[in-house]
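Trainee: Mind looking over this structure? Questions follow.
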Amino acid sequence: MSSLDWIVMCGFIGFVVIYGTWKSRSAKDVNTYIRAGRTSKWWLVALSIMATQASAITFLSTPGQAYVDGMRFVQFYLGLPIAMIILSITAVPIYNKLNVYTAYEYLEKRFDLKNRMLGSALFLTQRGLAAGFTIYAPSLILSVLLGWEMNLTIIIVGIMVIIYTTVGGTVAVNKTHFLQMIIITAGMFSAFFILMSLLPKEVSFYDAAYIAGKMGKLNAIDFTFDLSNRYTFWSGLIGGTFLMLSYFGTDQSQVQRYLAGSSIKQSRLALLTNGLVKVPMQFVILFIGAMVFVFFQFVTPPLFFNPVEEAKVKSGNYASEYQTITDEYSKIQDEKQNELKALISSIHSGNEEDINSQTQIVVDKQKKADELKKSAGEIIKKSDPDADSNDTNYIFLTFIINYLPIGFVGLLIAAILSASMSSTSAELNALASTTVIDFYKRLINKDANDKRYLMISKIATVFWGLYAVLFALLAKELGSLIEAVNILGSLVYGTILGIFLTAFYFKKISGTPTFLAAIFAELLVLYCYFFTEIPFLWYNVIGCITVIVGAFIINNFTKTEVRSF
Amino acid sequence: MNKYDEIKINSEDSSPPIFGSWNKLYGFILFSLAALVILFYIFTKAFE
């Protein structure tokens, strides 16, 4: 990175941290620290909700996803607007009127202590590990592509987040989210416009879309009902609704964002804004990935985007085999570029026959290039069985570092670090709130004064921050645990959602049947994970429905007191 | 009337800044989603 890039990046990140710390230093009570005093406007809460969900890996891996697999990932978000409506009707008024600090407090009011403890324990387990991963993943990618010292990156990012989150709590998280979203949006739009300007002069926007479409990268919607296909309209709409309901309705890192709204109206408007904006936003990010793919049709990309893994295979026993594939790949890319020029000429001349025949030639060349890329991944894996043979996360950053003008590289790296910090701060904030409200205040010290709870909240924030940093530092050694963290969310979200939906909608069902059904549902989801091929999005549906149906059945066989909440 | 019913009633007392009622705003969000799906489908087919 150039000096200007360093100045831009440090300037943006430094300003966010100092601004967040300074503007929120007046948080002097628990209500302000955990719920921003319930004074936030809808637009601030909406930006905070979006910034919490958008981690760095979202911005690094989503364009790469479109590059490799096309835009069908956008269907993953189709259930989000529906979930926002359901939560606006159900969860927002209940949480607001009950004046809760955490989502799990409601479970005790509605059911009993054991349901509250189960909900909060599942959250702390899942989110605690995820917080470490949120810092680790971008640090790994930045260290591989920019040569940064990974542990130092983790520690610096971690400490910056701990400082402002500990000082200002939710106020700091919300205020920094606002700035971070501005940086992220500016970064992504800059990347898009520069990308379009970098395409060859004779390639118009339509030509670029035509090429991407013919190569299968603009496959945004797929209506086929196929349980083995991870991203279809149906899995996104049904599975996605359940997942988003669970994430936004029961995960404290999101619930805490809209609990800060000054009224039911402000919280609802924030959720609905997210419902309106999120799908088009993901579409744009994926479209950028498809355009990066088009860009690399005219500029030969590396055979494998992770330079560390590539260097390892080049110095190992399979070096000559890998070199042969690399040479063949370069040859195919050169041939394809010539055919693409001919295709563009055909499009401009409007000769349908030429367009179709030329398109077929280009598509065939691309298939050959894809096969070579797949072979390269297999050789990397053969050379080192522990190697990461998936380079999706490295594609977009490779483009940023090598092809963006000086200054914009710094802006984009600032955007990626902002995304990492925004998610982490919300996670630490929520983990601390749950620890203090659901465990310390409920089980250890019920009658302490506000000052004490505030102090414990700050200590809990530092604790979870250090825990996340420590996990991120150890993550490399833990290896397969990272994969486990990735799917852990879907393993527990369905069950938690089932508990909450039973609480919201089935007023005659009491605590013990719900608790027993939740334990059974969790075991069933684990069975599906270990012994079936069902895609992970469906775990949310299975877990949720099992809790509701199970609780209903058990409830009919038992006579227990039912509370209004 | 229990607390749950009370909450449901109280939550309706403040209307959104646009469309006049929450139900109409929810309808608009659903309509937008349907419109996006149709647009994405046309987009997919146009460049397939």
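Each chain in the structure tokens gets a letter, A, B, ..., in the order shown, and its residues are numbered from 1; ligands are numbered from 1 in order too.
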Residues of region 315-498 of chain A classed as alpha helix (DSSP H) by DSSP on the backbone are to be reported as a PyMOL selection string.

Mentor: chain A and resi 319-349+352-383+392-403+408-434+450-478+480-498

Trainee: For the selection you just gave me, I'd like the residues written to a file as a tab-separated table (two decimals), in the first residue's frame, keeping C-alpha atoms.

Mentor:
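And here is the file that came out, selection19.tsv:
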chain	number	residue	atom	x	y	z
A	319	ALA	CA	5.34	-27.69	-8.48
A	320	SER	CA	5.80	-28.93	-12.06
A	321	GLU	CA	2.24	-30.26	-12.29
A	322	TYR	CA	0.94	-26.90	-11.02
A	323	GLN	CA	3.16	-25.00	-13.49
A	324	THR	CA	1.77	-27.02	-16.40
A	325	ILE	CA	-1.78	-26.08	-15.42
A	326	THR	CA	-0.76	-22.43	-14.93
A	327	ASP	CA	0.70	-22.28	-18.47
A	328	GLU	CA	-2.37	-23.93	-19.95
A	329	TYR	CA	-4.62	-21.52	-18.01
A	330	SER	CA	-2.73	-18.47	-19.36
A	331	LYS	CA	-3.03	-19.84	-22.90
A	332	ILE	CA	-6.78	-20.39	-22.56
A	333	GLN	CA	-7.22	-16.88	-21.09
A	334	ASP	CA	-5.33	-15.34	-24.04
A	335	GLU	CA	-7.45	-17.25	-26.53
A	336	LYS	CA	-10.63	-16.31	-24.68
A	337	GLN	CA	-9.69	-12.62	-24.70
A	338	ASN	CA	-9.34	-12.70	-28.49
A	339	GLU	CA	-12.68	-14.49	-28.84
A	340	LEU	CA	-14.30	-11.96	-26.48
A	341	LYS	CA	-13.12	-9.09	-28.69
A	342	ALA	CA	-14.73	-10.86	-31.66
A	343	LEU	CA	-17.92	-11.35	-29.60
A	344	ILE	CA	-18.06	-7.65	-28.72
A	345	SER	CA	-17.69	-6.76	-32.42
A	346	SER	CA	-20.52	-9.18	-33.26
A	347	ILE	CA	-22.77	-7.60	-30.62
A	348	HIS	CA	-22.05	-4.13	-31.99
A	349	SER	CA	-22.71	-5.27	-35.59
A	352	GLU	CA	-27.43	-12.71	-34.40
A	353	GLU	CA	-25.75	-15.73	-35.98
A	354	ASP	CA	-22.26	-14.39	-35.26
A	355	ILE	CA	-23.27	-13.45	-31.72
A	356	ASN	CA	-24.57	-16.96	-30.96
A	357	SER	CA	-21.62	-18.84	-32.43
A	358	GLN	CA	-19.09	-16.49	-30.85
A	359	THR	CA	-20.88	-16.73	-27.47
A	360	GLN	CA	-20.64	-20.54	-27.61
A	361	ILE	CA	-16.89	-20.39	-28.29
A	362	VAL	CA	-16.34	-18.06	-25.31
A	363	VAL	CA	-18.51	-20.18	-23.01
A	364	ASP	CA	-16.58	-23.32	-23.99
A	365	LYS	CA	-13.27	-21.58	-23.29
A	366	GLN	CA	-14.58	-20.49	-19.89
A	367	LYS	CA	-15.59	-24.06	-19.06
A	368	LYS	CA	-12.08	-25.19	-19.86
A	369	ALA	CA	-10.63	-22.40	-17.67
A	370	ASP	CA	-12.96	-23.44	-14.82
A	371	GLU	CA	-11.82	-27.05	-15.11
A	372	LEU	CA	-8.17	-25.95	-14.92
A	373	LYS	CA	-8.94	-23.83	-11.85
A	374	LYS	CA	-10.62	-26.81	-10.23
A	375	SER	CA	-7.59	-28.99	-11.00
A	376	ALA	CA	-5.35	-26.32	-9.42
A	377	GLY	CA	-7.42	-26.49	-6.21
A	378	GLU	CA	-7.08	-30.29	-6.18
A	379	ILE	CA	-3.30	-30.09	-6.59
A	380	ILE	CA	-3.09	-27.55	-3.76
A	381	LYS	CA	-5.06	-29.95	-1.56
A	382	LYS	CA	-2.90	-32.90	-2.65
A	383	SER	CA	0.26	-30.95	-1.92
A	392	THR	CA	-13.38	-17.05	-2.98
A	393	ASN	CA	-12.60	-14.65	-0.12
A	394	TYR	CA	-9.43	-13.40	-1.80
A	395	ILE	CA	-10.86	-12.45	-5.20
A	396	PHE	CA	-12.31	-9.00	-4.44
A	397	LEU	CA	-9.39	-7.86	-2.32
A	398	THR	CA	-6.94	-8.97	-5.04
A	399	PHE	CA	-8.81	-6.70	-7.44
A	400	ILE	CA	-8.81	-3.81	-4.93
A	401	ILE	CA	-5.11	-4.00	-4.16
A	402	ASN	CA	-3.86	-4.46	-7.71
A	403	TYR	CA	-6.20	-2.34	-9.82
A	408	PHE	CA	-9.02	4.31	-3.06
A	409	VAL	CA	-7.15	1.22	-1.87
A	410	GLY	CA	-6.92	2.89	1.56
A	411	LEU	CA	-10.63	3.76	1.44
A	412	LEU	CA	-11.61	0.16	0.61
A	413	ILE	CA	-9.36	-1.33	3.31
A	414	ALA	CA	-10.90	1.19	5.74
A	415	ALA	CA	-14.34	-0.03	4.61
A	416	ILE	CA	-13.39	-3.66	5.27
A	417	LEU	CA	-11.93	-2.85	8.70
A	418	SER	CA	-15.01	-0.70	9.46
A	419	ALA	CA	-17.26	-3.65	8.67
A	420	SER	CA	-15.20	-5.89	10.93
A	421	MET	CA	-15.27	-3.36	13.77
A	422	SER	CA	-18.99	-2.59	13.40
A	423	SER	CA	-20.02	-6.24	13.76
A	424	THR	CA	-17.57	-6.91	16.57
A	425	SER	CA	-18.64	-3.88	18.61
A	426	ALA	CA	-22.31	-4.89	18.41
A	427	GLU	CA	-21.40	-8.44	19.44
A	428	LEU	CA	-19.31	-7.34	22.43
A	429	ASN	CA	-22.03	-4.90	23.46
A	430	ALA	CA	-24.69	-7.66	23.33
A	431	LEU	CA	-22.52	-10.28	25.04
A	432	ALA	CA	-21.81	-7.86	27.89
A	433	SER	CA	-25.50	-6.91	28.23
A	434	THR	CA	-26.61	-10.55	28.38
A	450	ASP	CA	-26.85	1.42	38.97
A	451	LYS	CA	-23.21	2.45	39.26
A	452	ARG	CA	-22.23	-1.11	40.10
A	453	TYR	CA	-24.15	-2.58	37.15
A	454	LEU	CA	-22.53	-0.01	34.87
A	455	MET	CA	-19.09	-0.97	36.11
A	456	ILE	CA	-19.82	-4.69	35.69
A	457	SER	CA	-21.13	-3.98	32.15
A	458	LYS	CA	-17.83	-2.31	31.28
A	459	ILE	CA	-15.82	-5.15	32.81
A	460	ALA	CA	-17.95	-7.67	30.85
A	461	THR	CA	-17.31	-5.74	27.62
A	462	VAL	CA	-13.54	-5.86	28.21
A	463	PHE	CA	-13.79	-9.56	29.14
A	464	TRP	CA	-15.68	-10.52	25.96
A	465	GLY	CA	-13.38	-8.29	23.89
A	466	LEU	CA	-10.29	-10.05	25.21
A	467	TYR	CA	-12.03	-13.42	24.79
A	468	ALA	CA	-12.74	-12.59	21.13
A	469	VAL	CA	-9.17	-11.41	20.53
A	470	LEU	CA	-7.77	-14.54	22.23
A	471	PHE	CA	-10.02	-16.81	20.15
A	472	ALA	CA	-8.97	-14.96	17.00
A	473	LEU	CA	-5.29	-15.38	17.92
A	474	LEU	CA	-5.76	-19.11	18.54
A	475	ALA	CA	-8.08	-19.65	15.56
A	476	LYS	CA	-5.27	-20.63	13.20
A	477	GLU	CA	-4.21	-23.45	15.49
A	478	LEU	CA	-7.79	-24.58	16.11
A	480	SER	CA	-11.54	-27.19	11.99
A	481	LEU	CA	-13.18	-25.25	14.82
A	482	ILE	CA	-13.54	-22.28	12.46
A	483	GLU	CA	-15.78	-24.33	10.22
A	484	ALA	CA	-17.79	-25.33	13.28
A	485	VAL	CA	-18.25	-21.68	14.27
A	486	ASN	CA	-19.60	-20.90	10.81
A	487	ILE	CA	-22.45	-23.37	11.06
A	488	LEU	CA	-23.02	-23.05	14.79
A	489	GLY	CA	-25.48	-20.21	14.14
A	490	SER	CA	-27.80	-22.38	12.10
A	491	LEU	CA	-27.50	-25.20	14.64
A	492	VAL	CA	-28.99	-23.11	17.45
A	493	TYR	CA	-31.04	-20.38	15.75
A	494	GLY	CA	-34.03	-22.63	14.87
A	495	THR	CA	-34.40	-23.81	18.46
A	496	ILE	CA	-34.15	-20.31	19.92
A	497	LEU	CA	-36.67	-19.02	17.37
A	498	GLY	CA	-39.04	-21.88	18.24

Trainee: Excluding Phe43 (chain B) and residues on its chain fewer than 4 positions from it, collect all residues at most 8 Å away from it, counting only C-alpha atoms, and give them as a list in words.

Mentor: Leu218 and Ala220 of chain A; Leu39 and Phe47 of chain B

Trainee: Give me, as a tab-separated table, the closest atom pair and its distance (Å, one decimal) for every residue of chain B within a cut-off of 6 Å of chain A, counting only C-alpha atoms, rows sorted by chain and rising number.

Mentor:
residue	atom	partner	partner_atom	distance
B:Ser11	CA	A:Pro93	CA	5.6
B:Phe40	CA	A:Ala220	CA	5.9
B:Tyr41	CA	A:Ile221	CA	5.4
B:Thr44	CA	A:Asn219	CA	5.1
B:Phe47	CA	A:Gly213	CA	4.5
B:Glu48	CA	A:Gly213	CA	5.2

Trainee: Please save N, CA and C atoms of the selected residues as an mmCIF file, in the first residue's frame.

Mentor:
data_model
loop_
_atom_site.group_PDB
_atom_site.id
_atom_site.type_symbol
_atom_site.label_atom_id
_atom_site.label_comp_id
_atom_site.auth_asym_id
_atom_site.auth_seq_id
_atom_site.Cartn_x
_atom_site.Cartn_y
_atom_site.Cartn_z
ATOM 1 N N SER B 11 -49.577 -0.698 20.684
ATOM 2 C CA SER B 11 -48.625 -0.620 19.592
ATOM 3 C C SER B 11 -49.246 -0.012 18.330
ATOM 4 N N PHE B 40 -35.646 -9.315 -10.668
ATOM 5 C CA PHE B 40 -34.476 -10.206 -10.663
ATOM 6 C C PHE B 40 -34.681 -11.356 -11.650
ATOM 7 N N TYR B 41 -35.918 -11.842 -11.720
ATOM 8 C CA TYR B 41 -36.209 -12.952 -12.636
ATOM 9 C C TYR B 41 -36.056 -12.499 -14.092
ATOM 10 N N THR B 44 -32.449 -12.154 -14.755
ATOM 11 C CA THR B 44 -31.811 -13.469 -14.946
ATOM 12 C C THR B 44 -32.077 -13.990 -16.354
ATOM 13 N N PHE B 47 -30.358 -12.099 -19.476
ATOM 14 C CA PHE B 47 -28.927 -12.311 -19.761
ATOM 15 C C PHE B 47 -28.517 -13.780 -19.702
ATOM 16 N N GLU B 48 -29.487 -14.669 -19.659
ATOM 17 C CA GLU B 48 -29.192 -16.096 -19.505
ATOM 18 C C GLU B 48 -28.460 -16.629 -20.746
#

Trainee: Contacts of Met244 (chain A) at 6 Å or less, counting only C-alpha atoms, minus same-chain residues fewer than 4 places along, as a PDB file with N, CA and C atoms, in the first residue's frame?

Mentor:
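Output contents, as saved in result-v8.pdb:
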ATOM      1  N   LEU A  80     -35.807 -11.886   4.392  1.00  0.00           N
ATOM      2  CA  LEU A  80     -35.548 -10.800   5.350  1.00  0.00           C
ATOM      3  C   LEU A  80     -36.690  -9.784   5.456  1.00  0.00           C
ATOM      4  N   ALA A  83     -39.478 -11.257   7.474  1.00  0.00           N
ATOM      5  CA  ALA A  83     -39.099 -11.337   8.897  1.00  0.00           C
ATOM      6  C   ALA A  83     -39.211  -9.966   9.565  1.00  0.00           C
ATOM      7  N   GLY A 240     -34.874 -18.747   4.706  1.00  0.00           N
ATOM      8  CA  GLY A 240     -34.346 -17.415   4.992  1.00  0.00           C
ATOM      9  C   GLY A 240     -35.228 -16.648   5.967  1.00  0.00           C
ATOM     10  N   PHE A 248     -32.785 -11.623  13.831  1.00  0.00           N
ATOM     11  CA  PHE A 248     -33.206 -10.271  14.214  1.00  0.00           C
ATOM     12  C   PHE A 248     -34.142 -10.252  15.420  1.00  0.00           C
TER      13      PHE A 248
END

Trainee: Choose the residue, out of A:Met281, A:Val549, A:Val436, A:Val308, that has the smallest atom-to-atom separation from Leu36 (chain B); count only C-alpha atoms.

Mentor: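 For Leu36 (chain B), the nearest of the given residues is A:Met281.
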
Trainee: Can you work out the spacing between CA of Val171 (chain A) and CA of Gly158 (chain A) in Å, to one decimal?

Mentor: 18.5 Å

Trainee: What lies within 10 Å of Phe552 (chain A) using only C-alpha atoms, ignoring chain neighbours under 2 positions off, as a list of chain:residue names?

Mentor: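 Within the cut-off, the hits are A:Thr502, A:Phe506, A:Lys508, A:Ile509, A:Ser510, A:Pro513, A:Thr514, A:Ala517, A:Thr546, A:Val547, A:Ile548, A:Val549, A:Gly550, A:Ile554, A:Asn555, A:Asn556, A:Phe557.
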
Trainee: List as a VMD selection string the protein and nucleic acid residues near Leu25 (chain B), meaning an atom at most 9 Å away when only C-alpha atoms are counted, but skip any in the same chain fewer than 6 places from it.

Mentor: (chain A and resid 272) or (chain B and resid 16 18 to 19)

Trainee: Now that the selection is made, can you save its residues with N, CA and C atoms as a short mmCIF file (atom, residue, chain, number, x, y, z; two decimals), in the first residue's frame?

Mentor:
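File again23.cif, as written:
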data_model
loop_
_atom_site.label_atom_id
_atom_site.label_comp_id
_atom_site.auth_asym_id
_atom_site.auth_seq_id
_atom_site.Cartn_x
_atom_site.Cartn_y
_atom_site.Cartn_z
N LEU A 272 -38.14 -1.96 9.24
CA LEU A 272 -38.75 -1.96 7.90
C LEU A 272 -37.81 -1.33 6.87
N PRO B 16 -47.44 5.32 11.03
CA PRO B 16 -46.16 5.60 10.36
C PRO B 16 -46.20 6.93 9.60
N ILE B 18 -45.58 7.54 6.57
CA ILE B 18 -46.12 7.40 5.20
C ILE B 18 -47.17 6.30 5.17
N PHE B 19 -48.06 6.36 4.19
CA PHE B 19 -49.10 5.36 3.93
C PHE B 19 -50.25 5.34 4.95
#

Trainee: Excluding same-chain residues fewer than 3 positions from Met117 (chain A), what lies within 8 Å of it counting only C-alpha atoms, as a list in words?

Mentor: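 Returned residues: Tyr104, Leu113, Lys114, Ser120, Ala121 and Asp438 of chain A.
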
Trainee: Take the residues that were just selected and, keeping C-alpha atoms, output them as a PDB file, in the first residue's frame.

Mentor:
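part_23.pdb, written as the output of this step:
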ATOM      1  CA  TYR A 104     -34.060 -13.335  27.069  1.00  0.00           C
ATOM      2  CA  LEU A 113     -36.111 -18.904  34.547  1.00  0.00           C
ATOM      3  CA  LYS A 114     -34.881 -22.097  32.828  1.00  0.00           C
ATOM      4  CA  SER A 120     -29.128 -16.635  26.906  1.00  0.00           C
ATOM      5  CA  ALA A 121     -26.681 -19.561  27.270  1.00  0.00           C
ATOM      6  CA  ASP A 438     -29.373 -12.274  32.471  1.00  0.00           C
TER       7      ASP A 438
END
